[in-house]
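As stored in entry-v1.txt (compact mmCIF, C-alpha atoms):
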```txt
# COMPACT_ATOMS: atom_id res chain seq x y z
CA MET T 1 53.30 52.74 187.13
CA ARG T 2 56.59 52.71 185.23
CA TYR T 3 57.65 49.28 186.41
CA GLY T 4 54.18 47.90 185.70
CA PHE T 5 54.45 49.28 182.18
CA TYR T 6 57.89 47.74 181.51
CA ILE T 7 56.97 44.35 182.97
CA SER T 8 53.63 44.23 181.13
CA ILE T 9 55.18 45.10 177.77
CA SER T 10 58.07 42.64 178.13
CA LEU T 11 55.78 39.83 179.29
CA PHE T 12 53.41 40.57 176.42
CA LEU T 13 56.26 40.44 173.91
CA LEU T 14 57.67 37.22 175.37
CA ILE T 15 54.27 35.51 175.20
CA LEU T 16 53.62 36.93 171.74
CA GLN T 17 56.83 35.55 170.23
CA THR T 18 56.84 32.17 172.00
CA THR T 19 53.15 31.25 172.16
CA ILE T 20 51.13 33.18 169.59
CA LEU T 21 53.29 34.07 166.57
CA PRO T 22 54.78 30.56 166.01
CA TYR T 23 51.26 29.28 165.29
CA ILE T 24 50.46 31.97 162.71
CA PRO T 25 51.96 30.86 159.37
CA VAL T 26 51.83 34.36 157.86
CA VAL T 27 54.31 35.74 160.39
CA GLN T 28 56.84 32.91 160.22
CA GLY T 29 60.39 34.22 160.44
CA MET T 30 59.60 37.17 162.67
CA TYR T 31 62.60 38.86 164.26
CA ASP T 32 63.23 39.08 168.02
CA LEU T 33 60.55 41.53 169.18
CA LEU T 34 62.46 42.32 172.35
CA ILE T 35 65.14 44.14 170.33
CA PRO T 36 63.06 47.33 169.87
CA PHE T 37 62.06 47.09 173.52
CA VAL T 38 65.67 46.85 174.72
CA ILE T 39 66.52 49.85 172.52
CA PHE T 40 63.52 51.67 173.96
CA ILE T 41 64.59 51.13 177.59
CA SER T 42 68.23 51.87 176.74
CA ILE T 43 67.24 55.25 175.33
CA CYS T 44 64.69 56.31 177.89
CA LEU T 45 65.69 54.91 181.27
CA PRO T 46 68.62 55.51 183.58
CA ILE T 47 71.32 52.83 183.60
CA ARG T 48 70.45 51.56 187.10
CA GLU T 49 66.99 50.60 185.82
CA SER T 50 67.53 49.72 182.19
CA LEU T 51 70.66 47.58 182.54
CA PRO T 52 69.20 45.07 185.05
CA PHE T 53 66.03 44.97 182.97
CA ALA T 54 67.92 44.23 179.74
CA LEU T 55 69.97 41.52 181.49
CA ALA T 56 66.85 39.96 183.02
CA LEU T 57 65.23 39.83 179.58
CA GLY T 58 68.37 38.20 178.17
CA LEU T 59 68.34 35.60 180.92
CA ILE T 60 64.67 34.77 180.32
CA MET T 61 65.19 34.52 176.57
CA ASP T 62 68.17 32.20 177.13
CA ASN T 63 65.93 30.01 179.27
CA LEU T 64 63.09 29.90 176.74
CA SER T 65 65.30 29.36 173.70
CA GLY T 66 67.46 26.42 172.68
CA SER T 67 70.41 28.75 172.15
CA PRO T 68 73.65 28.30 174.14
CA PHE T 69 73.17 29.86 177.55
CA GLY T 70 74.30 33.50 177.54
CA LEU T 71 73.67 34.26 173.88
CA TYR T 72 70.71 36.59 174.42
CA LEU T 73 72.26 37.89 177.64
CA THR T 74 75.36 38.83 175.67
CA PHE T 75 73.44 40.36 172.80
CA TYR T 76 71.14 42.50 174.96
CA LEU T 77 74.10 43.66 177.05
CA TRP T 78 76.03 44.80 173.96
CA LEU T 79 72.90 46.28 172.40
CA PHE T 80 72.37 48.27 175.57
CA ILE T 81 76.02 49.43 175.69
CA SER T 82 75.97 50.36 171.98
CA VAL T 83 72.74 52.34 172.19
CA ARG T 84 73.91 54.20 175.32
CA PHE T 85 77.16 54.98 173.56
CA ILE T 86 75.47 56.17 170.36
CA ILE T 87 72.98 58.49 172.09
CA LYS T 88 75.88 60.39 173.60
CA PHE T 89 76.85 61.58 170.15
CA LEU T 90 73.68 61.46 168.08
CA ARG T 91 70.28 63.03 168.53
CA VAL T 92 67.69 60.40 169.35
CA SER T 93 64.74 62.52 168.24
CA ASN T 94 65.34 61.31 164.71
CA LYS T 95 63.02 58.69 163.28
CA PHE T 96 65.55 57.66 160.67
CA PHE T 97 68.19 57.07 163.35
CA LEU T 98 65.81 54.89 165.39
CA SER T 99 64.80 52.88 162.32
CA VAL T 100 68.42 52.22 161.38
CA VAL T 101 69.28 51.14 164.93
CA VAL T 102 66.42 48.59 165.07
CA ILE T 103 67.20 47.09 161.66
CA PHE T 104 70.93 47.02 162.34
CA ALA T 105 70.37 45.34 165.72
CA VAL T 106 68.25 42.60 164.11
CA LEU T 107 70.99 41.98 161.56
CA VAL T 108 73.69 41.85 164.25
CA GLU T 109 71.65 39.34 166.29
CA ASN T 110 71.38 37.12 163.22
CA ILE T 111 75.10 37.41 162.53
CA LEU T 112 75.77 36.40 166.14
CA MET T 113 73.54 33.32 165.71
CA ILE T 114 75.35 32.33 162.51
CA ALA T 115 78.72 32.84 164.25
CA ILE T 116 77.62 30.55 167.08
CA PHE T 117 76.70 27.78 164.61
CA THR T 118 79.78 28.27 162.50
CA PHE T 119 82.42 28.52 165.23
CA PHE T 120 80.98 26.85 168.33
CA GLY T 121 78.29 24.47 167.03
CA PRO T 122 78.73 20.67 166.91
CA VAL T 123 78.75 20.65 163.09
CA ARG T 124 80.63 23.94 162.59
CA GLN T 125 79.15 24.88 159.28
CA LEU T 126 76.85 27.58 158.00
CA PRO T 127 73.19 26.55 158.48
CA VAL T 128 71.59 25.60 155.16
CA ASP T 129 68.63 27.91 155.68
CA ALA T 130 70.69 30.82 157.04
CA PHE T 131 70.01 33.07 154.05
CA VAL T 132 66.24 32.48 154.22
CA VAL T 133 66.05 33.11 157.98
CA VAL T 134 68.14 36.28 157.81
CA THR T 135 66.20 37.63 154.83
CA GLN T 136 62.83 36.97 156.49
CA GLN T 137 63.89 38.61 159.74
CA PHE T 138 65.46 41.57 157.94
CA LEU T 139 62.32 42.20 155.88
CA TRP T 140 60.08 41.96 158.93
CA ALA T 141 62.38 44.32 160.82
CA LEU T 142 62.36 46.72 157.90
CA ALA T 143 58.56 46.66 157.71
CA THR T 144 57.65 46.73 161.37
CA GLY T 145 60.70 47.42 163.56
CA PRO T 146 60.76 51.23 163.41
CA VAL T 147 56.95 51.43 163.65
CA PHE T 148 57.04 49.17 166.67
CA LEU T 149 59.71 51.23 168.46
CA LEU T 150 57.92 54.50 167.72
CA SER T 151 54.65 52.97 168.95
CA LEU T 152 56.33 52.02 172.22
CA LEU T 153 57.54 55.58 172.63
CA ALA T 154 54.12 56.98 171.77
CA LEU T 155 52.41 54.62 174.19
CA ALA T 156 54.80 55.56 176.97
CA LYS T 157 54.12 59.23 176.29
CA ARG T 158 50.37 58.69 176.26
CA LEU T 159 50.53 56.86 179.58
CA ASN T 160 52.54 59.77 181.00
CA ILE T 161 55.48 57.58 181.92
CA GLN T 162 58.01 59.86 183.62
CA TRP T 163 61.47 59.85 182.09
CA ASP T 164 64.39 60.41 184.37
CA GLY T 165 67.06 58.89 182.20
CA ALA T 166 70.14 60.49 180.77
CA ALA T 167 68.49 60.87 177.37
CA GLN T 168 65.33 62.79 176.75
CA PRO T 169 62.59 60.74 175.11
CA PRO T 170 62.42 61.30 171.35
CA ASN T 171 59.31 62.82 169.91
CA ALA T 172 57.49 59.79 168.57
CA TYR T 173 55.09 61.93 166.57
CA GLY T 174 57.86 63.60 164.67
CA MET C 175 92.56 53.87 176.77
CA VAL C 176 91.11 52.24 179.90
CA LEU C 177 87.73 52.10 178.17
CA ILE C 178 89.16 50.30 175.14
CA VAL C 179 91.02 47.78 177.32
CA GLY C 180 87.83 47.23 179.34
CA VAL C 181 85.80 46.61 176.18
CA ILE C 182 88.41 44.16 174.84
CA ILE C 183 88.46 42.25 178.16
CA LEU C 184 84.64 42.17 178.23
CA ILE C 185 84.47 40.86 174.65
CA THR C 186 87.10 38.19 175.39
CA VAL C 187 85.32 37.01 178.54
CA ASN C 188 82.06 37.03 176.60
CA VAL C 189 83.43 34.87 173.78
CA ILE C 190 85.02 32.39 176.21
CA LEU C 191 81.79 32.03 178.21
CA LEU C 192 79.70 31.59 175.04
CA SER C 193 82.14 29.02 173.71
CA PHE C 194 82.01 27.12 177.00
CA SER C 195 78.22 27.20 177.30
CA SER C 196 77.67 26.16 173.68
CA LYS C 197 79.95 23.14 174.09
CA SER C 198 78.88 22.01 177.54
CA GLN C 199 75.18 22.99 177.30
CA SER C 200 75.73 24.40 180.80
CA THR C 201 73.34 27.04 182.15
CA PHE C 202 75.41 27.80 185.26
CA GLY C 203 72.40 26.88 187.41
CA LEU C 204 70.22 29.63 185.91
CA GLY C 205 68.46 27.53 183.30
CA ARG C 206 65.16 27.14 185.12
CA VAL C 207 64.53 30.73 186.24
CA GLY C 208 62.92 31.95 183.03
CA LEU C 209 60.96 28.72 182.54
CA SER C 210 59.40 29.00 185.99
CA LEU C 211 58.65 32.71 185.58
CA VAL C 212 57.21 32.89 182.07
CA SER C 213 55.77 29.41 181.44
CA PRO C 214 52.67 29.84 183.65
CA PHE C 215 51.67 32.77 181.42
CA GLN C 216 52.47 30.77 178.29
CA GLU C 217 50.26 27.98 179.61
CA LEU C 218 47.41 30.38 180.34
CA VAL C 219 47.55 31.93 176.87
CA THR C 220 47.90 28.55 175.09
CA ARG C 221 44.92 27.10 176.97
CA SER C 222 42.81 30.18 176.21
CA ILE C 223 43.64 30.02 172.50
CA ARG C 224 42.89 26.28 172.35
CA PHE C 225 39.64 26.73 174.26
CA ALA C 226 38.48 29.36 171.77
CA ARG C 227 39.60 27.21 168.82
CA ASP C 228 37.87 24.12 170.21
CA ILE C 229 34.61 26.01 170.56
CA TRP C 230 34.92 27.13 166.96
CA GLU C 231 35.80 23.67 165.65
CA HIS C 232 33.24 21.74 167.71
CA TYR C 233 30.22 23.98 167.33
CA PHE C 234 30.61 26.12 164.24
CA PHE C 235 32.71 24.15 161.84
CA LEU C 236 30.83 20.87 161.45
CA VAL C 237 30.19 20.92 157.70
CA SER C 238 33.15 18.75 156.78
CA VAL C 239 32.85 16.47 159.81
CA ALA C 240 30.12 14.22 158.36
CA HIS C 241 32.17 13.61 155.22
CA GLU C 242 35.32 12.98 157.27
CA ASN C 243 33.41 10.59 159.53
CA LYS C 244 32.31 8.53 156.54
CA ASN C 245 35.91 8.23 155.31
CA LEU C 246 37.21 7.41 158.77
CA LYS C 247 34.67 4.59 159.19
CA LYS C 248 35.82 3.14 155.90
CA SER C 249 39.49 3.20 156.91
CA LEU C 250 38.63 1.90 160.39
CA ASN C 251 37.20 -1.25 158.85
CA GLN C 252 40.47 -1.82 157.00
CA PHE C 253 42.54 -1.25 160.14
CA VAL C 254 40.42 -3.62 162.26
CA GLY C 255 41.45 -6.42 159.89
CA LYS C 256 45.11 -5.38 160.07
CA SER C 257 44.96 -5.01 163.85
CA ASN C 258 43.69 -8.57 164.18
CA GLN C 259 46.54 -9.78 161.99
CA TRP C 260 49.09 -7.91 164.18
CA HIS C 261 47.51 -9.25 167.35
CA GLU C 262 48.03 -12.77 166.05
CA MET C 263 51.66 -11.93 165.18
CA ASP C 264 52.18 -10.42 168.64
CA LEU C 265 50.93 -13.62 170.28
CA ALA C 266 53.18 -15.72 168.06
CA ASN C 267 56.10 -13.42 168.90
CA SER C 268 55.48 -13.85 172.64
CA ARG C 269 55.33 -17.62 172.30
CA LEU C 270 58.58 -17.71 170.32
CA ARG C 271 60.30 -15.36 172.80
CA ASN C 272 59.24 -17.64 175.64
CA LEU C 273 60.63 -20.61 173.76
CA LEU C 274 63.96 -18.79 173.32
CA ASN C 275 63.91 -17.59 176.96
CA PHE C 276 64.19 -13.90 175.99
CA GLN C 277 63.83 -11.40 178.85
CA LYS C 278 60.72 -9.29 178.65
CA ALA C 279 61.53 -5.72 177.62
CA PRO C 280 60.85 -3.33 180.49
CA THR C 281 57.69 -1.34 179.84
CA ASN C 282 58.21 2.37 180.28
CA LYS C 283 55.71 4.71 181.83
CA VAL C 284 54.62 7.60 179.63
CA VAL C 285 53.56 11.11 180.63
CA ALA C 286 51.36 13.16 178.29
CA ALA C 287 52.27 16.84 178.07
CA GLU C 288 50.90 19.86 176.27
CA VAL C 289 53.08 22.16 174.17
CA ILE C 290 52.77 25.68 175.61
CA GLY C 291 55.54 27.54 173.82
CA LYS C 292 58.03 27.45 170.98
CA ASP C 293 61.53 28.78 170.50
CA PRO C 294 61.39 32.54 169.89
CA SER C 295 64.27 32.51 167.38
CA GLY C 296 64.15 31.07 163.89
CA TRP C 297 67.49 29.37 164.51
CA PHE C 298 66.82 26.83 167.24
CA LYS C 299 64.04 24.24 167.38
CA THR C 300 62.85 23.80 170.94
CA ILE C 301 59.45 23.68 172.62
CA ILE C 302 58.21 24.25 176.18
CA ILE C 303 55.88 21.62 177.69
CA ASP C 304 53.66 21.81 180.75
CA LYS C 305 55.24 18.92 182.68
CA GLY C 306 58.40 19.08 184.75
CA LYS C 307 60.34 17.56 187.61
CA SER C 308 57.21 17.21 189.74
CA ASP C 309 55.86 14.81 187.09
CA GLY C 310 59.05 12.75 187.04
CA LEU C 311 60.69 14.44 184.06
CA GLN C 312 64.44 14.93 183.93
CA LYS C 313 67.11 15.97 181.44
CA GLY C 314 67.67 13.47 178.63
CA LEU C 315 64.25 11.77 178.55
CA PRO C 316 62.86 10.97 175.08
CA VAL C 317 59.76 12.78 173.84
CA VAL C 318 57.63 10.98 171.25
CA LEU C 319 54.31 10.79 169.42
CA PRO C 320 52.59 7.72 168.00
CA THR C 321 53.80 8.89 164.58
CA GLY C 322 57.48 9.18 165.55
CA ILE C 323 60.23 10.74 167.63
CA VAL C 324 59.79 14.35 168.70
CA GLY C 325 62.99 15.09 170.64
CA GLN C 326 64.48 14.98 174.11
CA VAL C 327 64.15 16.96 177.35
CA ILE C 328 67.10 19.35 177.73
CA GLU C 329 65.94 21.31 180.78
CA ALA C 330 63.41 20.40 183.45
CA ALA C 331 62.00 22.95 185.92
CA GLY C 332 59.37 22.26 188.60
CA HIS C 333 56.30 22.13 186.38
CA TYR C 334 57.72 22.89 182.93
CA SER C 335 60.41 21.49 180.65
CA LYS C 336 62.28 22.51 177.52
CA VAL C 337 62.46 19.94 174.73
CA MET C 338 64.99 19.99 171.88
CA LEU C 339 63.34 18.72 168.69
CA VAL C 340 64.99 16.15 166.41
CA ILE C 341 65.15 18.85 163.69
CA ASP C 342 67.33 21.13 165.85
CA ARG C 343 70.89 21.44 164.56
CA ASN C 344 72.29 20.27 167.91
CA SER C 345 70.24 17.06 167.85
CA ALA C 346 71.64 13.65 166.91
CA VAL C 347 69.88 10.26 166.98
CA ASP C 348 71.49 6.88 166.32
CA ALA C 349 69.28 5.33 163.65
CA LEU C 350 68.69 2.35 161.35
CA VAL C 351 67.04 1.85 158.00
CA GLN C 352 64.22 -0.50 159.00
CA ARG C 353 64.38 -2.65 155.86
CA SER C 354 68.14 -3.09 155.35
CA ARG C 355 69.38 -2.31 158.94
CA ALA C 356 71.91 0.20 157.55
CA ARG C 357 73.08 2.32 160.47
CA GLY C 358 73.83 6.04 160.73
CA ILE C 359 73.18 9.24 162.67
CA ILE C 360 70.12 11.43 162.16
CA LYS C 361 71.02 15.11 162.52
CA GLY C 362 68.68 18.08 162.50
CA GLU C 363 68.96 20.43 159.57
CA SER C 364 65.97 22.71 159.18
CA ALA C 365 62.26 22.99 159.76
CA ASP C 366 61.12 20.06 157.66
CA GLN C 367 64.05 17.68 157.12
CA CYS C 368 67.02 15.91 158.73
CA ARG C 369 70.31 14.54 157.44
CA PHE C 370 71.08 10.84 157.79
CA GLU C 371 74.86 10.75 158.11
CA PHE C 372 77.57 8.09 158.21
CA VAL C 373 75.58 5.48 156.28
CA LEU C 374 78.09 3.39 154.34
CA ARG C 375 77.57 3.14 150.60
CA LYS C 376 77.90 -0.62 150.71
CA HIS C 377 74.45 -0.76 152.39
CA ASP C 378 71.17 -0.82 150.54
CA VAL C 379 69.14 2.37 151.06
CA GLN C 380 66.22 3.40 148.89
CA ILE C 381 63.85 6.32 148.65
CA ASP C 382 60.82 5.91 150.98
CA ASP C 383 62.66 3.51 153.32
CA THR C 384 61.58 3.99 156.93
CA VAL C 385 64.26 5.14 159.39
CA ILE C 386 63.92 4.06 163.02
CA ALA C 387 65.85 4.65 166.25
CA SER C 388 68.55 2.04 166.86
CA GLY C 389 68.45 2.47 170.64
CA LEU C 390 72.25 2.66 170.74
CA ASP C 391 72.39 6.33 171.77
CA GLY C 392 70.88 5.46 175.14
CA VAL C 393 68.13 8.07 174.77
CA TYR C 394 65.50 6.79 172.36
CA PRO C 395 64.11 3.26 172.69
CA LYS C 396 64.87 0.98 169.75
CA GLY C 397 62.27 0.83 166.99
CA LEU C 398 60.71 4.27 167.35
CA ARG C 399 59.98 5.70 163.93
CA ILE C 400 61.83 8.84 162.83
CA GLY C 401 61.05 9.48 159.18
CA ARG C 402 61.31 8.28 155.62
CA VAL C 403 64.20 8.61 153.20
CA ALA C 404 63.34 11.55 150.94
CA ASP C 405 66.52 11.95 148.93
CA ILE C 406 69.80 10.07 148.37
CA SER C 407 72.91 11.38 146.69
CA GLN C 408 76.32 9.79 146.18
CA ARG C 409 79.60 11.56 145.65
CA ASN C 410 82.27 9.53 143.94
CA SER C 411 84.96 10.39 146.47
CA ASP C 412 82.85 9.76 149.56
CA ILE C 413 82.36 6.45 151.37
CA PHE C 414 79.07 7.61 152.89
CA TYR C 415 75.69 8.37 151.35
CA GLU C 416 74.22 11.86 151.61
CA ILE C 417 70.68 11.11 152.71
CA THR C 418 67.84 13.49 153.49
CA VAL C 419 65.09 12.21 155.79
CA ALA C 420 61.60 13.69 156.03
CA PRO C 421 60.38 13.25 159.63
CA PHE C 422 57.00 11.61 160.25
CA VAL C 423 56.13 14.17 162.91
CA ASP C 424 54.77 17.52 161.76
CA TYR C 425 56.77 19.81 164.05
CA GLU C 426 54.83 22.89 163.01
CA LYS C 427 51.60 21.46 164.41
CA LEU C 428 52.81 19.94 167.68
CA GLU C 429 50.21 20.31 170.41
CA GLU C 430 50.54 17.28 172.70
CA VAL C 431 53.54 14.99 173.19
CA LEU C 432 54.43 11.92 175.24
CA VAL C 433 57.50 11.81 177.48
CA ILE C 434 58.88 8.32 178.14
CA LEU C 435 59.95 7.98 181.75
CA PRO C 436 62.86 5.71 182.63
CA PRO C 437 61.90 2.20 183.79
CA GLN C 438 61.53 2.23 187.57
CA LYS C 439 64.41 0.75 189.50
CA GLN C 440 62.16 -1.56 191.47
CA ASN C 441 60.84 -3.11 188.26
CA ILE C 442 64.37 -3.76 187.02
CA ALA C 443 65.33 -5.23 190.38
CA SER C 444 62.30 -7.53 190.40
CA GLN C 445 63.10 -8.74 186.87
CA GLN C 446 66.65 -9.53 187.90
```
Produce structure tokens that represent the structure in this file.
Amino acid sequence: MRYGFYISISLFLLILQTTILPYIPVVQGMYDLLIPFVIFISICLPIRESLPFALALGLIMDNLSGSPFGLYLTFYLWLFISVRFIIKFLRVSNKFFLSVVVIFAVLVENILMIAIFTFFGPVRQLPVDAFVVVTQQFLWALATGPVFLLSLLALAKRLNIQWDGAAQPPNAYG
Amino acid sequence: MVLIVGVIILITVNVILLSFSSKSQSTFGLGRVGLSLVSPFQELVTRSIRFARDIWEHYFFLVSVAHENKNLKKSLNQFVGKSNQWHEMDLANSRLRNLLNFQKAPTNKVVAAEVIGKDPSGWFKTIIIDKGKSDGLQKGLPVVLPTGIVGQVIEAAGHYSKVMLVIDRNSAVDALVQRSRARGIIKGESADQCRFEFVLRKHDVQIDDTVIASGLDGVYPKGLRIGRVADISQRNSDIFYEITVAPFVDYEKLEEVLVILPPQKQNIASQQ
């Protein structure tokens, strides 16, 4: 049940952001929807399950994107490590905390992309539309990121997904 | 202390690997895993969406079709005349080439492919198509449309491939201004425009000039259209123009593309 849930959600998100959203003009500039999902599995699953899952998602994203190989793998790995580190010290049953983590993660991913272009790219200069892309993704993350993460948690609770991770699942309903 | 050292080592290894992969475009042999796993689902969803849209457009949205049909018939009449003119020129060209003993250009086979996915990030411009190695595709093949150049294959799996668009920042095409033959490099910049770099200021370049592939990069056949010159600026200290090119292809609405296969070896051998 659990594995079916994780695989279904991740496949749905991958298809959504590669096949459906790019053709809807209104949602141009959407952030990486797998970020809230990686945070979700980092919080709620034990390392032996969540780490391979996060790495597998990174590998698939690297394959589907034109980014240098390892960029998403790297980002999801560090996102996972950071979230696991933070939940040791902070209470995860805090909506504000979850919102900040999602928005911050989206910003960090964008900074990583800009760094790749600036330091490792063939032209080595800041992309001309960098400000627009970052602003769009930040605003989308601000508007939908926390809601999306809390919805994932609520859905998991409704489906009676059993948590056996180090961290207790936060109360999505407040 | 051990933790901090471990983190520093991990970050260093990470940066080195990213630097290496971004320069060499290497995927360490793992580049086709995700394509093979996810692309069948992308294909299924894309086909379902198109099927639903086709039903809508073909059966429920016919009001404007009659008007469009009338306009199309009018322009068809004009193009029939032009086509006849070009056919005559083509025949004359063949006769003159025969007179000059020019070798016939090898005709390349083309594979039509459907776009089933786009890059999930806003930073890179790539697409996934539903043809792969089993259809003869390989890394480096040019992808085109009748309107112009689309990009090139950068990863080919069994039945799916990843294509880097001309507008991607990592893309570069050796190009010519069709009218004046001024040469330069087309580089991707953003969603709707490219930069035309290294064009010397001594050459004549004007707004609305057509830019075509020069064929010198070894990827795109000579003469394929890329775009039109949208803006030209000159800095006093620079020996090159700063030119912006608007591509002919609408990359936001890509649905089907053509992949040009390399000329078969037997054909080349028979010509020699």
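As for atom CA of Leu209 of chain C and atom CA of Trp297 of chain C, they are spaced 19.2 Å apart.
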Rounded to one decimal, what separation in Å do you get between atom CA of Val38 of chain T and atom CA of Gly66 of chain T?
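Taking atom CA of Val38 of chain T as the start and atom CA of Gly66 of chain T as the end point, the length is 20.6 Å.
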What are the residues of chain T that have an atom within 9 Å of an atom of chain C, counting only C-alpha atoms, as a PyMOL selection string?
chain T and resi 11+14-15+17-23+28-32+56-57+59-71+74+110+113-114+116-117+119-123+127-130+133-134+137
Neighbouring residues of Tyr334 of chain C were defined as those with any atom within 6 Å, considering all atoms listed in the file; residues of the same chain fewer than 2 positions away were excluded. Please report them as number ranges by chain.
C: 303-306, 331-332
T:Ser82, T:Gly4, T:Leu55, T:Phe12: which is nearest Val101 of chain T, counting all atoms listed in the file?
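Comparing T:Ser82, T:Gly4, T:Leu55, T:Phe12 against Val101 of chain T, the winner is T:Ser82.
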Quick one: pull the distance between atom CA of Val317 of chain C and atom CA of Pro214 of chain C, Å, one decimal.
20.9 Å
